[in-house]
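Asker: Okay, handing you the structure first.
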Amino acid sequence: MTEIQKSLKDFGVVPVIVIEDPKDAKPLCQALIDGGLPVAEITLRTDCALEAITKASEVDGMLVGAGTVLNATHAKQTIEAGAQFLVSPGLDKDSVCVAQKSAIPLIPGTTTATEIQMAWNYGLRMVKFFPAELSGGAKAVKGLSAVFRDMQFFPTGGISEANLADYYSCPAVQVCGGSWIAPEKLIAAGDFGKIEKRAKDAVTLVQKTREALS
Ligand code: 3PG
């Protein structure tokens with residue numbers, strides 16, 4: 001487990017970001033920092049995503065990752081832009097190789113035992129479980145983690161305040177991803193106050209859930 005992965009586990013939730021205007025990157029990061037959740041996975045789903053990653057990476061105290069990394073080129077570009085961790089919707093060996101050469105953690109999307117086993121054989125010990133709710137949810141993660149005992153799971157896709165605790169009840173889950181904290185609409189509307197509030201609520205929920213499970 002790398003230091004970055006340890007930080008992700010400490011945060012407990014990672015806001016998944018779609019950003020349409022790079023000028024929103026810094027205020028978004030500031031809102032997350034002010035909300036006590038200085039981490040973001042900025043997805044490569046918009047033309048300005050690389051620029052947004054660069055700008056977000058300039059914000060002190062922010063842990064910035066890149067999401068929707070589909071191939072080796074994306075991996076190289078996002079690392080050059082300053083991403084400190086990479087997330088993919090699926091498992092792509094070339095992207096994994098690029099990340100490993102740069103000593104940057106890449107968390108690939110997996111849902112099946114075969115995919116998780118491939119990731120394990122690439123030397124990875126943290127995988128995204130995606131799309132989590134559609135792929136069997138917390139029950140599926142529990143079943144898979146019973147076999148892959150040294151694998152950490154990062155469920156994403158359909159996670160919200162309502163079901164976060166279900167995932168946390170699996171010891172192999174210490175961090176989840178989701179768009180509910182900073183949805184595209186709030187970013188585009190410049191409603192950073194609401195994003196700060198949602199970040200604060202998410203931090204509180206993570207703390208309470210961990211206390212209840214300990
Ligand atoms: C994504 O990559 O968009 C994540 O899976 C977020 O999913 P969510 O919008 O269901 O949180």
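Every chain in the structure tokens has a letter given in the order shown (A, B, ...), and although residue numbers restart at 1 in each chain, ligands are simply numbered from 1 in the order shown.
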Using only C-alpha atoms and all ligand atoms, which protein or nucleic acid residues are at most 6 Å from ligand 1, as a list in words?

Answerer: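 Final answer, ordered by chain and number: Val16, Thr156, Gly157, Gly158, Ile159, Gly178, Ser179 and Trp180 of chain A.
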
Asker: Taking only residues of segment 98-214 of chain A that have an atom at most 6 Å from an atom of segment 26-39 of chain A, what is each one's shortest atom pair and its distance in Å to one decimal, using only C-alpha atoms, in chain and number order, as a tab-separated table?

Answerer:
```
residue	atom	partner	partner_atom	distance
A:Phe192	CA	A:Ala31	CA	5.7
A:Glu196	CA	A:Gly35	CA	4.6
A:Ala199	CA	A:Gly35	CA	4.9
A:Lys200	CA	A:Gly35	CA	4.5
```

Asker: Output N, CA, C and O atoms of each residue in that selection to a file, as a PDB file, in the first residue's frame.

Answerer:
```
ATOM      1  N   PHE A 192     -20.183  26.547  -4.793  1.00  0.00           N
ATOM      2  CA  PHE A 192     -19.109  25.919  -4.021  1.00  0.00           C
ATOM      3  C   PHE A 192     -19.447  25.841  -2.528  1.00  0.00           C
ATOM      4  O   PHE A 192     -18.908  24.994  -1.823  1.00  0.00           O
ATOM      5  N   GLU A 196     -18.917  22.555  -0.305  1.00  0.00           N
ATOM      6  CA  GLU A 196     -18.218  22.538   0.998  1.00  0.00           C
ATOM      7  C   GLU A 196     -19.075  21.839   2.058  1.00  0.00           C
ATOM      8  O   GLU A 196     -18.592  21.008   2.821  1.00  0.00           O
ATOM      9  N   ALA A 199     -19.144  18.155   1.490  1.00  0.00           N
ATOM     10  CA  ALA A 199     -17.858  17.555   1.901  1.00  0.00           C
ATOM     11  C   ALA A 199     -17.836  17.386   3.422  1.00  0.00           C
ATOM     12  O   ALA A 199     -17.459  16.324   3.934  1.00  0.00           O
ATOM     13  N   LYS A 200     -18.270  18.427   4.131  1.00  0.00           N
ATOM     14  CA  LYS A 200     -18.311  18.345   5.610  1.00  0.00           C
ATOM     15  C   LYS A 200     -19.219  17.187   6.048  1.00  0.00           C
ATOM     16  O   LYS A 200     -18.872  16.417   6.947  1.00  0.00           O
TER      17      LYS A 200
END
```

Asker: With distances taken over only C-alpha atoms, which residue among A:Thr209, A:Val69, A:Thr111, A:Ser160 lies nearest Ala99 of chain A?

Answerer: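 Distance minimum relative to Ala99 of chain A lands on A:Val69.
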
Asker: Using DSSP on the backbone coordinates, identify all residues within segment 5-214 of chain A classified as strand (DSSP E); present the result as a VMD selection string.

Answerer: chain A and resid 13 to 17 39 to 43 63 to 67 85 to 87 106 to 107 109 to 110 126 to 129 152 to 155 176 to 178

Asker: Could you list, as JSON, numbers by chain, every residue within 8 Å of Thr46 of chain A, counting only C-alpha atoms and ignoring same-chain residues fewer than 2 positions away?

Answerer: {"A": [18, 19, 20, 43, 44, 48, 49]}

Asker: Would you output that residue set with C-alpha atoms, as a CSV table (one decimal), in the first residue's frame?

Answerer:
```csv
chain,number,residue,atom,x,y,z
A,18,VAL,CA,-16.6,16.1,-14.0
A,19,ILE,CA,-15.5,19.6,-14.8
A,20,GLU,CA,-16.5,21.6,-17.8
A,43,THR,CA,-12.3,12.4,-14.7
A,44,LEU,CA,-11.0,12.6,-18.2
A,48,CYS,CA,-10.5,20.6,-20.3
A,49,ALA,CA,-9.9,17.7,-17.8
```

Asker: Show me, as a PDB file with C-alpha atoms, in the first residue's frame, the residues that have an atom within 8 Å of segment 150-155 of chain A when counting only C-alpha atoms, minus same-chain residues fewer than 6 positions from it.

Answerer:
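Resulting contents of around_36.pdb:
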```pdb
ATOM      1  CA  TRP A 120      -3.459  -8.979  -8.310  1.00  0.00           C
ATOM      2  CA  LEU A 124      -1.941  -4.238  -7.566  1.00  0.00           C
ATOM      3  CA  ARG A 125      -3.430  -4.440  -4.100  1.00  0.00           C
ATOM      4  CA  MET A 126      -6.231  -1.890  -4.451  1.00  0.00           C
ATOM      5  CA  VAL A 127      -8.945  -2.145  -7.099  1.00  0.00           C
ATOM      6  CA  LYS A 128     -12.007  -0.098  -7.844  1.00  0.00           C
ATOM      7  CA  PHE A 129     -15.236  -2.117  -7.710  1.00  0.00           C
ATOM      8  CA  PHE A 130     -17.246  -0.541 -10.497  1.00  0.00           C
ATOM      9  CA  PRO A 131     -20.113  -0.023 -11.105  1.00  0.00           C
ATOM     10  CA  ALA A 132     -20.569  -1.022  -7.492  1.00  0.00           C
ATOM     11  CA  VAL A 141     -17.455  -7.052  -2.410  1.00  0.00           C
ATOM     12  CA  TYR A 167     -19.769  -0.941   2.026  1.00  0.00           C
ATOM     13  CA  ALA A 172     -11.665  -4.686   2.698  1.00  0.00           C
ATOM     14  CA  VAL A 173     -13.428  -1.376   1.992  1.00  0.00           C
ATOM     15  CA  GLN A 174     -11.931   1.684   3.601  1.00  0.00           C
ATOM     16  CA  VAL A 175     -12.620   4.185   0.875  1.00  0.00           C
ATOM     17  CA  CYS A 176     -15.463   4.707  -1.608  1.00  0.00           C
ATOM     18  CA  GLY A 177     -15.815   7.078  -4.552  1.00  0.00           C
TER      19      GLY A 177
END
```

Asker: Calculate how many Å separate atom CA of Gly65 of chain A from atom CA of Gly82 of chain A, rounding to one decimal.

Answerer: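 About the pair atom CA of Gly65 of chain A and atom CA of Gly82 of chain A: they are 8.2 Å apart.
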
Asker: Tell me which protein, DNA and RNA residues are within 10 Å of Thr68 of chain A, counting only C-alpha atoms, leaving out same-chain ones fewer than 5 positions away, and put them as a list in words.

Answerer: Glu41, Ile42, Thr43, Leu44, Arg45, His74, Ala75, Leu86, Val87, Ser88, Pro89, Gly90, Pro108 and Gly109 of chain A

Asker: Going by DSSP on the backbone, which residues of segment 17-147 of chain A come out as alpha helix (DSSP H)? List them as a VMD selection string.

Answerer: chain A and resid 25 to 34 49 to 57 72 to 81 93 to 101 113 to 121 137 to 147
